[in-house]
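Worksheet: one structure, shown below.
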Amino acid sequence: MTMDKEQIKVLYVDDEEGNLMAFRATFRRDMDVRVCRSGAEALAAIELEQPHVVISDQRMPRMSGSELLATVRERWPRVIRILLTGYSDIEAVIDAVNKGGIHAYITKPWDPMDLRLRIEQAFEVHSLRSEQERLFQRYRQVFEASGDPIVIVDDAGHFLEVNPAAESALGMDRDQWSSASFLDLLQEPGSLMRALIQQRNGRMFTNVEVTILTPTGRSLDCLLTATWLGRGPDGKGRFQAVIKDITDRKQEEDRLRKLNQDLDKRVAVRTRQLKEALDDLNAFSYSVAHDLRSPLKSMRSFTEHLRGLAVMHADPELRMISERLHQGSDRLLNLVDDLLRFARTDQQALQREAVDVGRLAREIFNDLPLQERHIVLEAPAEGEALIDADPAMFAVALGNLLSNAVKFTREKENGIVRVEVHAEADATLLTVRDNGIGFDPAKANDLFGVFKRLQRADQYEGTGIGLAMVHRIAHKHGGT
């Protein structure tokens with residue numbers, strides 16, 4: 001092949017002027033040709049500028065071709081060497097192969113096409129060797145300058161080469177590592193082979209976790225990436241291992257793991273304490289509400305009797321006092337009933353079944369105390385919308401939503417309450433909307449809090465527990 005980027009430099013050595021002229025005439029157009037008449041002259045020329053290829057005739061006075069090429073090999077090993085010889089110089093060829101390390105030999109008289117091909121092949125070998133040497137030098141620079149420890153070991157684990165970073169990290173000087181084995185430094189040598197097999201990717205073994213115990217007593221947690229380099233002259237396999245010290249990272253991971261474990265324990269304790277407190281609070285609320293209900297019912301009976309007396313005696317002041325007492329006892333009794341229902345929602349277990357939303361909405365709506373029948377309910381037809389829920393709990397939730405809608409729509413001339421059910425990707429959306437007074441969207445997050453009210457009690461009755469109960473029932477069903 002013809003090399004376009006670099007012209008081939010050829011030195012031709014022959015003591016016959018005719019041969020020199022023929023060689024120069026044949027190759028001077030596309031090669032950088034130089035000729036010499038003796039071995040000494042050739043050595044002097046090479047000293048000034050190294051050619052890519054040296055071609056020497058075997059039979060020359062004072063220094064034969066094989067002797068010249070042997071000297072060239074010793075002094076300039078990168079120069080590719082070719083011997084010209086006759087058929088009878090077999091011993092010279094053998095001598096040139098052994099001592100001169102020749103690339104090829106050519107018999108005289110040489111054929112121009114054959115010789116050109118040999119020269120081009122020799123130049124290609126020279127180029128490949130130069131590139132190999134360049135890459136090797138670059139590798140050596142990386143090897144020496146790398147901040148990560150790099151070691152080269154044989155298949156028995158014996159160190160063959162160690163870079164400065166490895167010497168520093170392992171705390172070993174040249175005398176120590178040259179007689180040591182990498183396996184002797186591992187905390188668990190037997191697990192290395194299993195880890196290498198698991199992490200193999202072609203000729204590489206990536207991110208193998210090992211723990212190294214250095215001669216100085218340090219313990220290093222490391223990530224090892226090993227590469228198979230092939231077999232050396234002794235037939236043993238060779239591996240390069242790049243070692244990444246992750247001791248600090250492992251220590252930080254252990255510290256975070258312990259912190260998380262401690263946090264999980266503290267959260268578990270706090271959760272248990274909170275659950276116990278909530279259970280106690282629910283029990284207390286239920287007990288108080290239950291115990292208050294009987295005296296409040298008695299109080300309301302007395303206020304009704306008092307209101308009857310006020311009417312009988314036509315006493316306006318007594319009538320006003322009895323009305324206020326009756327309204328207060330009614331509010332307290334409703335509050336106690338709501339608290340009891342609120343407490344029961346946490347204690348009851350779910351018993352899910354298909355609930356007909358349209359039918360249930362009409363039953364609840366028809367049972368509501370509507371002073372004027374000017375509010376219209378729009379709900380799905382019977383059997384059209386089903387929800388998988390606990391019937392009793394769902395009835396409480398839907399009842400609270402409908403009673404709220406009616407309460408805040410009653411002042412409208414044409415009140416509308418609409419119940420809709422929409423199936424979504426992984427849930428069912430229940431909507432209860434009305435055309436009543438509405439609420440401030442900025443306070444929407446307060447709607448479902450216990451005892452939270454967005455209107456004054458003297459305008460709209462209520463205890464502030466209904467929507468909190470709706471929220472709890474939805475949450476108990478796994479919804480929002």
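Letters A, B, ... go to the chains of the structure tokens in the order shown; residues in each chain start at 1; ligands are counted from 1 in the same order.
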Excluding Arg218 of chain A and residues on its chain fewer than 4 positions from it, collect all residues at most 9 Å away from it, counting only C-alpha atoms, and give them as a VMD selection string. chain A and resid 170 to 171 212 to 214
Can you tell me, as a list in words, what residues are no more than 12 Å from His422 of chain A when counting only C-alpha atoms, ignoring any on the same chain fewer than 4 positions away? Val357, Pro380, Glu384, Ala385, Leu386, Ile387, Asp426, Ala427, Thr428, Leu429, Leu430, Thr431 and Val432 of chain A
Tell me, as a list of chain:residue names, which residues lie within 12 Å of segment 354-356 of chain A, counting only C-alpha atoms; anything in the same chain fewer than 3 positions away does not count.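 That gives A:Gln351, A:Arg359, A:Leu360, A:Ala361, A:Arg362, A:Glu363, A:Ala379, A:Pro380, A:Ala381, A:Glu382, A:Gly383, A:Glu384, A:Ala385, A:Leu386, A:Ile387, A:Asp388, A:Ala389, A:Asp390, A:Pro391, A:Ala392, A:Met393, A:Phe394, A:Ala395, A:Leu398, A:Val421.
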Can you write just those residues out, C-alpha atoms, as a CSV table (one decimal), in the first residue's frame?
chain,number,residue,atom,x,y,z
A,351,GLN,CA,-67.7,-3.6,54.8
A,359,ARG,CA,-81.0,5.9,44.7
A,360,LEU,CA,-79.2,6.7,48.0
A,361,ALA,CA,-79.1,10.4,47.1
A,362,ARG,CA,-82.9,10.6,46.5
A,363,GLU,CA,-83.6,8.7,49.8
A,379,ALA,CA,-78.7,12.8,40.5
A,380,PRO,CA,-77.8,9.7,38.3
A,381,ALA,CA,-80.7,7.4,37.4
A,382,GLU,CA,-81.1,4.3,39.6
A,383,GLY,CA,-78.5,1.7,38.7
A,384,GLU,CA,-76.5,4.1,36.6
A,385,ALA,CA,-73.7,5.0,39.1
A,386,LEU,CA,-72.3,2.5,41.5
A,387,ILE,CA,-69.6,3.1,44.1
A,388,ASP,CA,-67.7,0.3,46.0
A,389,ALA,CA,-68.0,1.6,49.6
A,390,ASP,CA,-69.3,0.8,53.1
A,391,PRO,CA,-73.0,1.6,52.7
A,392,ALA,CA,-73.5,3.0,56.2
A,393,MET,CA,-70.4,5.2,56.2
A,394,PHE,CA,-71.1,6.4,52.6
A,395,ALA,CA,-74.7,7.3,53.6
A,398,LEU,CA,-73.4,11.8,51.3
A,421,VAL,CA,-70.2,10.3,39.5
Please return as a ChimeraX atom specification: the residues of segment 164-304 of chain A that backbone DSSP assigns to helix (DSSP H, G or I). /A:164-170,174-177,182-185,190-198,247-304
Would you save the residues from that selection as a PDB file, in the first residue's frame, using C-alpha atoms?
ATOM      1  CA  PRO A 164       2.862   5.577  42.628  1.00  0.00           C
ATOM      2  CA  ALA A 165      -0.757   6.089  43.759  1.00  0.00           C
ATOM      3  CA  ALA A 166      -1.026   2.377  44.596  1.00  0.00           C
ATOM      4  CA  GLU A 167       2.249   2.433  46.536  1.00  0.00           C
ATOM      5  CA  SER A 168       0.949   5.372  48.566  1.00  0.00           C
ATOM      6  CA  ALA A 169      -2.548   3.949  49.161  1.00  0.00           C
ATOM      7  CA  LEU A 170      -1.347   0.451  50.050  1.00  0.00           C
ATOM      8  CA  ARG A 174       8.905  -1.569  45.753  1.00  0.00           C
ATOM      9  CA  ASP A 175      10.674  -4.193  47.864  1.00  0.00           C
ATOM     10  CA  GLN A 176       7.403  -5.092  49.589  1.00  0.00           C
ATOM     11  CA  TRP A 177       5.063  -5.351  46.616  1.00  0.00           C
ATOM     12  CA  PHE A 182      -2.652  -8.972  45.981  1.00  0.00           C
ATOM     13  CA  LEU A 183      -4.779 -11.804  47.397  1.00  0.00           C
ATOM     14  CA  ASP A 184      -2.866 -11.598  50.700  1.00  0.00           C
ATOM     15  CA  LEU A 185      -4.154  -8.044  51.161  1.00  0.00           C
ATOM     16  CA  GLY A 190     -12.182 -16.432  48.583  1.00  0.00           C
ATOM     17  CA  SER A 191     -15.045 -14.098  47.651  1.00  0.00           C
ATOM     18  CA  LEU A 192     -13.033 -12.299  44.951  1.00  0.00           C
ATOM     19  CA  MET A 193     -13.498 -14.979  42.288  1.00  0.00           C
ATOM     20  CA  ARG A 194     -17.276 -15.111  42.849  1.00  0.00           C
ATOM     21  CA  ALA A 195     -17.485 -11.319  42.648  1.00  0.00           C
ATOM     22  CA  LEU A 196     -15.411 -11.261  39.446  1.00  0.00           C
ATOM     23  CA  ILE A 197     -17.713 -13.798  37.798  1.00  0.00           C
ATOM     24  CA  GLN A 198     -20.816 -11.814  38.788  1.00  0.00           C
ATOM     25  CA  THR A 247     -13.818   4.167  52.425  1.00  0.00           C
ATOM     26  CA  ASP A 248     -15.171   7.644  53.184  1.00  0.00           C
ATOM     27  CA  ARG A 249     -18.276   7.012  51.083  1.00  0.00           C
ATOM     28  CA  LYS A 250     -18.947   3.682  52.805  1.00  0.00           C
ATOM     29  CA  GLN A 251     -18.518   5.283  56.209  1.00  0.00           C
ATOM     30  CA  GLU A 252     -20.957   8.033  55.231  1.00  0.00           C
ATOM     31  CA  GLU A 253     -23.427   5.430  53.926  1.00  0.00           C
ATOM     32  CA  ASP A 254     -23.137   3.502  57.207  1.00  0.00           C
ATOM     33  CA  ARG A 255     -23.657   6.717  59.155  1.00  0.00           C
ATOM     34  CA  LEU A 256     -26.749   7.609  57.115  1.00  0.00           C
ATOM     35  CA  ARG A 257     -28.059   4.056  57.422  1.00  0.00           C
ATOM     36  CA  LYS A 258     -27.741   4.214  61.212  1.00  0.00           C
ATOM     37  CA  LEU A 259     -29.392   7.635  61.254  1.00  0.00           C
ATOM     38  CA  ASN A 260     -32.267   6.300  59.161  1.00  0.00           C
ATOM     39  CA  GLN A 261     -32.631   3.286  61.415  1.00  0.00           C
ATOM     40  CA  ASP A 262     -32.687   5.533  64.483  1.00  0.00           C
ATOM     41  CA  LEU A 263     -35.158   7.834  62.744  1.00  0.00           C
ATOM     42  CA  ASP A 264     -37.385   4.876  61.827  1.00  0.00           C
ATOM     43  CA  LYS A 265     -37.329   3.748  65.446  1.00  0.00           C
ATOM     44  CA  ARG A 266     -38.160   7.231  66.712  1.00  0.00           C
ATOM     45  CA  VAL A 267     -40.949   7.590  64.137  1.00  0.00           C
ATOM     46  CA  ALA A 268     -42.338   4.197  65.117  1.00  0.00           C
ATOM     47  CA  VAL A 269     -42.317   5.197  68.800  1.00  0.00           C
ATOM     48  CA  ARG A 270     -43.914   8.586  68.059  1.00  0.00           C
ATOM     49  CA  THR A 271     -46.498   6.961  65.789  1.00  0.00           C
ATOM     50  CA  ARG A 272     -47.396   4.451  68.470  1.00  0.00           C
ATOM     51  CA  GLN A 273     -47.636   7.192  71.070  1.00  0.00           C
ATOM     52  CA  LEU A 274     -49.756   9.329  68.752  1.00  0.00           C
ATOM     53  CA  LYS A 275     -52.054   6.411  67.960  1.00  0.00           C
ATOM     54  CA  GLU A 276     -52.444   5.682  71.664  1.00  0.00           C
ATOM     55  CA  ALA A 277     -53.186   9.358  72.309  1.00  0.00           C
ATOM     56  CA  LEU A 278     -55.737   9.434  69.489  1.00  0.00           C
ATOM     57  CA  ASP A 279     -57.339   6.237  70.754  1.00  0.00           C
ATOM     58  CA  ASP A 280     -57.521   7.728  74.235  1.00  0.00           C
ATOM     59  CA  LEU A 281     -58.926  10.977  72.830  1.00  0.00           C
ATOM     60  CA  ASN A 282     -61.536   9.130  70.789  1.00  0.00           C
ATOM     61  CA  ALA A 283     -62.499   7.042  73.806  1.00  0.00           C
ATOM     62  CA  PHE A 284     -62.672  10.164  75.953  1.00  0.00           C
ATOM     63  CA  SER A 285     -64.730  12.063  73.337  1.00  0.00           C
ATOM     64  CA  TYR A 286     -67.115   9.166  72.941  1.00  0.00           C
ATOM     65  CA  SER A 287     -67.471   8.747  76.701  1.00  0.00           C
ATOM     66  CA  VAL A 288     -68.061  12.462  77.310  1.00  0.00           C
ATOM     67  CA  ALA A 289     -70.494  12.783  74.414  1.00  0.00           C
ATOM     68  CA  HIS A 290     -72.361   9.643  75.488  1.00  0.00           C
ATOM     69  CA  ASP A 291     -72.592  10.816  79.108  1.00  0.00           C
ATOM     70  CA  LEU A 292     -73.729  14.296  78.063  1.00  0.00           C
ATOM     71  CA  ARG A 293     -76.551  13.065  75.863  1.00  0.00           C
ATOM     72  CA  SER A 294     -78.965  11.990  78.667  1.00  0.00           C
ATOM     73  CA  PRO A 295     -78.806  15.249  80.701  1.00  0.00           C
ATOM     74  CA  LEU A 296     -79.085  17.282  77.483  1.00  0.00           C
ATOM     75  CA  LYS A 297     -82.224  15.380  76.453  1.00  0.00           C
ATOM     76  CA  SER A 298     -83.653  16.036  79.900  1.00  0.00           C
ATOM     77  CA  MET A 299     -82.747  19.717  79.575  1.00  0.00           C
ATOM     78  CA  ARG A 300     -84.473  19.954  76.199  1.00  0.00           C
ATOM     79  CA  SER A 301     -87.624  18.332  77.682  1.00  0.00           C
ATOM     80  CA  PHE A 302     -87.648  20.937  80.464  1.00  0.00           C
ATOM     81  CA  THR A 303     -87.188  23.777  77.948  1.00  0.00           C
ATOM     82  CA  GLU A 304     -90.136  22.475  75.919  1.00  0.00           C
TER      83      GLU A 304
END
Glu74 of chain A surroundings by only C-alpha atoms, 12 Å radius, close-in-sequence under 6 positions cut, as a PyMOL selection string: chain A and resi 43+67-68+80-81+99-101
Store the residues of this selection in a file with C-alpha atoms, as an mmCIF file, in the first residue's frame.
data_model
loop_
_atom_site.group_PDB
_atom_site.id
_atom_site.type_symbol
_atom_site.label_atom_id
_atom_site.label_comp_id
_atom_site.auth_asym_id
_atom_site.auth_seq_id
_atom_site.Cartn_x
_atom_site.Cartn_y
_atom_site.Cartn_z
ATOM 1 C CA LEU A 43 25.832 3.781 9.962
ATOM 2 C CA GLU A 67 26.660 -7.586 10.335
ATOM 3 C CA LEU A 68 25.355 -4.145 9.342
ATOM 4 C CA ILE A 80 12.917 -2.141 9.731
ATOM 5 C CA ARG A 81 15.650 -4.282 8.118
ATOM 6 C CA LYS A 99 21.313 -11.438 14.812
ATOM 7 C CA GLY A 100 19.759 -8.739 12.661
ATOM 8 C CA GLY A 101 16.107 -9.597 13.276
#
Mind checking which residues fall within 7 Å of Arg34 of chain A, counting only C-alpha atoms, ignoring those fewer than 6 positions away in the same chain, and posting them as a ChimeraX atom specification? /A:10-12
What does the file look like for those residues with C-alpha atoms, as a short mmCIF file (atom, residue, chain, number, x, y, z; two decimals), in the first residue's frame?
data_model
loop_
_atom_site.label_atom_id
_atom_site.label_comp_id
_atom_site.auth_asym_id
_atom_site.auth_seq_id
_atom_site.Cartn_x
_atom_site.Cartn_y
_atom_site.Cartn_z
CA VAL A 10 14.55 4.07 2.46
CA LEU A 11 18.32 3.61 2.85
CA TYR A 12 19.78 1.22 0.25
#
